[in-house]
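Structure below is query33.txt: compact mmCIF, C-alpha atoms.
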# COMPACT_ATOMS: atom_id res chain seq x y z
CA MET B 1 -23.03 -9.95 37.24
CA ALA B 2 -23.91 -6.85 35.21
CA THR B 3 -25.94 -4.06 36.76
CA TYR B 4 -28.39 -2.64 34.23
CA SER B 5 -28.39 1.14 34.21
CA ASP B 6 -30.94 1.83 31.47
CA ALA B 7 -34.18 0.47 30.08
CA ILE B 8 -34.93 0.29 26.36
CA TYR B 9 -38.70 0.30 25.92
CA ILE B 10 -39.86 -1.02 22.55
CA ASP B 11 -43.30 -0.83 20.98
CA GLU B 12 -44.53 -1.27 17.43
CA SER B 13 -47.27 -0.14 15.07
CA GLY B 14 -48.70 -1.27 11.73
CA SER B 15 -49.03 -4.77 10.33
CA GLY B 16 -46.71 -5.06 7.32
CA SER B 17 -49.56 -6.67 5.40
CA PRO B 18 -50.44 -6.42 1.68
CA THR B 19 -52.88 -3.51 2.01
CA ASP B 20 -53.29 -0.19 0.22
CA ASN B 21 -53.30 1.82 3.44
CA MET B 22 -50.65 2.90 5.94
CA HIS B 23 -50.75 -0.48 7.69
CA ARG B 24 -48.64 -1.97 4.92
CA TYR B 25 -45.79 -0.53 7.04
CA TRP B 26 -44.37 -2.03 10.21
CA VAL B 27 -42.70 0.37 12.66
CA SER B 28 -40.51 -0.60 15.62
CA ALA B 29 -39.72 2.26 18.02
CA ALA B 30 -37.25 2.22 20.91
CA VAL B 31 -37.07 4.63 23.86
CA SER B 32 -34.00 4.35 26.10
CA VAL B 33 -34.00 6.03 29.51
CA ALA B 34 -31.82 5.68 32.60
CA PHE B 35 -33.52 3.89 35.48
CA ASP B 36 -32.80 6.87 37.74
CA GLN B 37 -34.89 9.02 35.39
CA THR B 38 -37.92 6.70 35.54
CA ASN B 39 -39.79 8.75 38.17
CA ASP B 40 -39.36 11.93 36.14
CA LEU B 41 -40.64 10.17 33.02
CA ASN B 42 -43.62 8.81 34.95
CA GLU B 43 -44.41 12.27 36.32
CA GLY B 44 -44.11 13.83 32.87
CA ILE B 45 -46.58 11.36 31.37
CA ARG B 46 -48.93 11.87 34.34
CA ARG B 47 -48.94 15.63 33.73
CA ILE B 48 -49.64 15.15 30.02
CA LEU B 49 -52.61 12.91 30.81
CA ALA B 50 -53.94 15.36 33.40
CA ASN B 51 -53.53 18.41 31.16
CA HIS B 52 -54.77 17.04 27.85
CA PHE B 53 -57.05 14.03 28.35
CA SER B 54 -60.36 13.08 29.92
CA PRO B 55 -60.08 12.28 33.66
CA HIS B 56 -60.76 8.55 33.20
CA VAL B 57 -57.81 8.05 30.82
CA GLY B 58 -54.95 6.36 32.67
CA GLU B 59 -52.65 5.50 29.78
CA LEU B 60 -51.09 7.46 26.93
CA LYS B 61 -51.77 5.49 23.76
CA GLY B 62 -51.04 6.63 20.22
CA SER B 63 -53.99 5.01 18.47
CA SER B 64 -56.57 6.55 20.82
CA MET B 65 -55.08 9.98 21.51
CA SER B 66 -57.59 11.88 19.37
CA LYS B 67 -60.57 10.06 20.85
CA TYR B 68 -59.90 11.07 24.46
CA LEU B 69 -58.43 14.56 24.06
CA ARG B 70 -59.93 17.45 25.98
CA PRO B 71 -61.73 19.93 23.67
CA THR B 72 -59.05 22.52 24.43
CA SER B 73 -56.10 20.26 23.54
CA THR B 74 -54.56 19.03 20.27
CA ILE B 75 -52.24 16.22 19.18
CA THR B 76 -49.62 18.85 18.43
CA GLU B 77 -49.69 20.12 22.02
CA VAL B 78 -49.53 16.60 23.47
CA VAL B 79 -46.53 15.60 21.37
CA LYS B 80 -44.75 18.88 22.02
CA ASP B 81 -45.13 18.36 25.76
CA LEU B 82 -43.92 14.77 25.36
CA GLY B 83 -40.87 16.03 23.49
CA ASN B 84 -40.05 18.31 26.41
CA VAL B 85 -40.31 15.35 28.81
CA LEU B 86 -37.93 13.35 26.61
CA ASP B 87 -35.41 16.19 26.69
CA HIS B 88 -35.71 16.59 30.46
CA THR B 89 -35.09 12.87 31.10
CA GLY B 90 -32.23 12.54 28.59
CA THR B 91 -34.10 9.92 26.61
CA HIS B 92 -32.62 8.34 23.47
CA LEU B 93 -34.83 7.40 20.50
CA TRP B 94 -34.54 4.94 17.62
CA GLY B 95 -37.04 3.86 15.00
CA ALA B 96 -37.03 1.37 12.13
CA ALA B 97 -39.68 0.75 9.51
CA THR B 98 -40.28 -1.47 6.55
CA SER B 99 -43.25 -2.32 4.37
CA PHE B 100 -44.81 -5.31 2.70
CA GLY B 101 -42.62 -6.45 -0.17
CA SER B 102 -39.40 -4.88 1.14
CA SER B 103 -36.31 -6.96 0.46
CA PRO B 104 -34.49 -8.23 3.57
CA PRO B 105 -30.84 -7.41 4.22
CA ARG B 106 -28.43 -10.07 3.03
CA GLY B 107 -27.62 -12.59 5.73
CA LEU B 108 -30.70 -12.08 7.88
CA PRO B 109 -30.88 -15.20 10.10
CA THR B 110 -34.56 -15.83 9.40
CA SER B 111 -36.07 -17.81 6.55
CA ASN B 112 -38.84 -15.97 4.66
CA PRO B 113 -38.58 -12.88 6.90
CA LYS B 114 -41.67 -10.76 7.44
CA PRO B 115 -41.60 -6.95 7.58
CA LYS B 116 -41.48 -7.13 11.38
CA ASP B 117 -38.36 -9.32 11.25
CA ILE B 118 -36.60 -6.84 8.98
CA ALA B 119 -37.57 -3.79 11.06
CA ARG B 120 -36.49 -5.45 14.29
CA GLN B 121 -33.13 -6.46 12.81
CA MET B 122 -32.57 -2.88 11.62
CA LEU B 123 -33.47 -1.49 15.04
CA LEU B 124 -31.19 -3.88 16.91
CA GLU B 125 -28.35 -3.21 14.44
CA GLU B 126 -28.27 0.47 15.38
CA ILE B 127 -28.77 -0.01 19.12
CA ASN B 128 -26.10 -2.70 19.20
CA ALA B 129 -23.67 -0.58 17.17
CA ARG B 130 -24.03 2.40 19.54
CA LEU B 131 -23.36 0.17 22.56
CA LEU B 132 -20.31 -1.46 20.95
CA THR B 133 -18.72 1.84 19.98
CA GLY B 134 -19.50 3.48 23.30
CA TYR B 135 -21.36 6.31 21.57
CA HIS B 136 -24.50 5.55 23.58
CA HIS B 137 -23.73 6.25 27.24
CA PRO B 138 -25.46 3.43 29.23
CA ASP B 139 -23.32 0.73 30.81
CA HIS B 140 -25.87 -2.03 30.29
CA SER B 141 -29.41 -1.95 28.88
CA LEU B 142 -32.49 -4.03 29.57
CA ILE B 143 -35.20 -4.27 26.89
CA ILE B 144 -38.80 -4.01 28.10
CA TRP B 145 -41.71 -5.07 25.91
CA ASP B 146 -45.50 -4.87 26.17
CA ILE B 147 -46.51 -8.29 27.48
CA SER B 148 -50.08 -7.89 26.18
CA GLU B 149 -48.74 -9.04 22.80
CA ARG B 150 -47.49 -12.40 24.05
CA GLN B 151 -46.70 -13.97 20.69
CA GLU B 152 -44.85 -10.85 19.60
CA LEU B 153 -42.93 -10.84 22.90
CA GLN B 154 -41.84 -14.41 22.21
CA ASP B 155 -40.84 -13.58 18.64
CA PHE B 156 -38.95 -10.43 19.63
CA SER B 157 -37.12 -12.18 22.45
CA ALA B 158 -35.96 -14.76 19.90
CA SER B 159 -34.77 -11.95 17.63
CA ILE B 160 -32.60 -10.59 20.43
CA ALA B 161 -31.25 -13.98 21.46
CA ARG B 162 -30.08 -14.89 17.95
CA PHE B 163 -29.05 -11.38 16.93
CA MET B 164 -25.89 -10.89 14.88
CA SER B 165 -25.07 -7.92 12.69
CA VAL B 166 -25.65 -8.74 9.03
CA ARG B 167 -23.24 -5.94 8.12
CA ASP B 168 -20.08 -7.46 9.55
CA GLU B 169 -21.23 -10.46 11.65
CA THR B 170 -20.61 -8.54 14.87
CA PRO B 171 -22.34 -10.37 17.75
CA ARG B 172 -24.70 -8.82 20.26
CA SER B 173 -23.01 -6.44 22.68
CA GLU B 174 -22.62 -7.79 26.21
CA ARG B 175 -24.12 -4.46 27.31
CA LEU B 176 -27.50 -5.55 25.89
CA VAL B 177 -29.35 -8.27 27.78
CA PRO B 178 -30.12 -11.26 25.48
CA ALA B 179 -33.86 -11.33 26.23
CA ALA B 180 -36.82 -8.99 26.66
CA LEU B 181 -38.63 -8.31 29.91
CA GLY B 182 -42.41 -8.25 29.54
CA GLY B 183 -44.46 -5.47 31.12
CA LEU B 184 -47.97 -4.06 30.85
CA SER B 185 -48.05 -0.71 29.09
CA HIS B 186 -50.37 0.96 31.60
CA ASP B 187 -47.69 0.38 34.26
CA TRP B 188 -44.72 1.52 32.16
CA SER B 189 -44.56 5.11 30.94
CA GLY B 190 -41.64 4.17 28.69
CA LEU B 191 -43.84 1.70 26.80
CA GLN B 192 -46.53 4.37 26.44
CA THR B 193 -43.95 6.76 25.03
CA ALA B 194 -42.68 4.18 22.51
CA ASP B 195 -46.29 3.45 21.54
CA VAL B 196 -46.96 7.12 20.72
CA ILE B 197 -43.75 7.43 18.70
CA ALA B 198 -44.43 4.25 16.71
CA ASN B 199 -48.00 5.29 15.98
CA CYS B 200 -47.01 8.79 14.83
CA ALA B 201 -44.23 7.29 12.69
CA LEU B 202 -46.77 5.00 11.02
CA HIS B 203 -48.91 8.01 10.13
CA TYR B 204 -45.82 9.87 8.89
CA LEU B 205 -44.90 7.03 6.54
CA GLY B 206 -48.48 6.68 5.35
CA HIS B 207 -48.83 10.40 4.78
CA THR B 208 -45.50 10.58 2.91
CA ALA B 209 -46.61 7.75 0.63
CA SER B 210 -50.15 9.22 0.23
CA LEU B 211 -51.71 6.10 1.73
CA THR B 212 -55.19 6.09 3.24
CA GLY B 213 -55.69 6.03 7.00
CA SER B 214 -52.90 8.45 7.83
CA LYS B 215 -53.64 11.64 9.76
CA THR B 216 -51.77 14.83 8.97
CA ASP B 217 -51.47 16.01 12.59
CA LYS B 218 -49.79 12.78 13.71
CA ALA B 219 -47.52 12.75 10.65
CA GLU B 220 -46.47 16.34 11.34
CA ALA B 221 -45.98 15.55 15.03
CA PHE B 222 -43.50 12.84 14.14
CA ARG B 223 -41.68 15.05 11.63
CA THR B 224 -41.30 18.03 13.95
CA GLU B 225 -40.96 16.47 17.41
CA PHE B 226 -39.73 12.88 17.22
CA LEU B 227 -37.63 12.68 14.05
CA PRO B 228 -35.25 15.48 15.16
CA ARG B 229 -34.74 13.68 18.49
CA MET B 230 -33.66 10.37 16.93
CA GLN B 231 -30.05 9.33 17.58
CA LYS B 232 -27.43 11.25 15.61
CA ILE B 233 -23.70 11.12 15.03
CA GLU B 234 -21.25 13.97 15.29
CA ASN B 235 -22.01 15.48 11.87
CA ALA B 236 -25.72 15.58 12.81
CA ASP B 237 -26.80 12.83 10.40
CA ILE B 238 -29.82 10.97 11.78
CA ILE B 239 -28.89 7.33 12.27
CA GLY B 240 -31.70 6.46 14.62
CA TRP B 241 -34.44 6.45 11.97
CA MET B 242 -34.21 3.73 9.31
CA VAL B 243 -36.68 2.90 6.57
CA ARG B 244 -36.26 -0.02 4.16
Represent the structure contained in this file as structure tokens.
Amino acid sequence: MATYSDAIYIDESGSGSPTDNMHRYWVSAAVSVAFDQTNDLNEGIRRILANHFSPHVGELKGSSMSKYLRPTSTITEVVKDLGNVLDHTGTHLWGAATSFGSSPPRGLPTSNPKPKDIARQMLLEEINARLLTGYHHPDHSLIIWDISERQELQDFSASIARFMSVRDETPRSERLVPAALGGLSHDWSGLQTADVIANCALHYLGHTASLTGSKTDKAEAFRTEFLPRMQKIENADIIGWMVR
């Protein structure tokens, strides 16, 4: 029986719907951290909440960061501190995004795929590839998902169970558990981290495409703090951020 060494927390943002604002995108973000670094991640998020947010705020959430910030704090400072926590805990990041009307990759095992299906396939392709090649260090990884979105949890679990690479028909790595564990985001700092990354990525895409609803500070936070920390290969090309 495999012993799982790392958790891959996944959260998403956007709707992939036919709108003229940033929500026409769907973003899936993954945060991988070793289980023995969980306490340090929890403590880092606790410090960020204590230093930058109103006392009653018990959860770091991308969509409501601005609303609950202390007058002396900014989104830039919050995300910079979060970046330092990610470095300290040796966290790995991936992100995948697609928009309404994007064409699916050939061979996707879903009829009439939605933007979320395409983004999730792209995300799993890269995570699976790193595990198969041994480039990503964990022995075995367990995916953890926000259980508050029960239908999405069911859909995503199905995506993992039936996953096969559309590039070369490589099956799911045995180092990746074939299901998703559900958790509540206020109990899991990794889910809160993935939520912030996905939300900032959504604003980055919206800002880049000059779509309404996007905020410059969140877009810049993603560009300067999260994008450079996405998974890379030896020649420094970013492979952990995919947009279709």
Between B:Gly95, B:Gly44, B:Gly16, B:Pro105, single out the one closest to Ser32 of chain B, counting only C-alpha atoms.
->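 Of the candidates, the smallest distance to Ser32 of chain B is held by B:Gly95.
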Excluding Arg244 of chain B and any residue of its chain fewer than 6 positions from it, enumerate the residues within 8 Å of it, using only C-alpha atoms, and give them as a ChimeraX atom specification.
-> /B:97-99,102-103,119
May I have the residues within 12 Å of Gly58 of chain B as a ChimeraX atom specification, using only C-alpha atoms and disregarding those fewer than 4 positions away in the same chain?
-> /B:42,45-50,52-54,64-65,68,185-189,192
Using only C-alpha atoms, which residues of segment 73-174 of chain B come within 12 Å of segment 216-226 of chain B, and what is the closest atom pair for each, with the distance in Å to one decimal? Give it as a Markdown table, sorted by chain and residue number.
| residue | atom | partner | partner_atom | distance |
| --- | --- | --- | --- | --- |
| B:Thr74 | CA | B:Asp217 | CA | 8.8 |
| B:Ile75 | CA | B:Asp217 | CA | 6.6 |
| B:Thr76 | CA | B:Ala221 | CA | 6.0 |
| B:Glu77 | CA | B:Ala221 | CA | 9.1 |
| B:Val78 | CA | B:Ala221 | CA | 9.2 |
| B:Val79 | CA | B:Ala221 | CA | 6.4 |
| B:Lys80 | CA | B:Glu225 | CA | 6.4 |
| B:Asp81 | CA | B:Glu225 | CA | 9.5 |
| B:Leu82 | CA | B:Glu225 | CA | 8.7 |
| B:Gly83 | CA | B:Glu225 | CA | 6.1 |
| B:Asn84 | CA | B:Glu225 | CA | 9.2 |
| B:Val85 | CA | B:Glu225 | CA | 11.5 |
| B:Leu86 | CA | B:Phe226 | CA | 9.6 |
| B:Asp87 | CA | B:Glu225 | CA | 10.8 |
| B:Thr91 | CA | B:Phe226 | CA | 11.3 |
| B:His92 | CA | B:Phe226 | CA | 10.5 |
| B:Leu93 | CA | B:Phe226 | CA | 8.0 |
| B:Trp94 | CA | B:Phe226 | CA | 9.5 |
| B:Gly95 | CA | B:Phe226 | CA | 9.7 |
Skipping near chain neighbours, those fewer than 6 positions away, what residues fall within 10 Å of Pro171 of chain B using all atoms listed in the file, listed as number ranges by chain?
-> B: 125, 128-129, 132, 162-165
State, in Å with one decimal place, the distance from atom CA of Ala201 of chain B to atom CA of Leu176 of chain B.
->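 Atom CA of Leu176 of chain B lies 24.9 Å from atom CA of Ala201 of chain B.
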Pick from B:Asn21, B:Ser73, B:Ala180, B:Ser159: nearest to Lys116 of chain B, with only C-alpha atoms counted?
-> B:Ser159
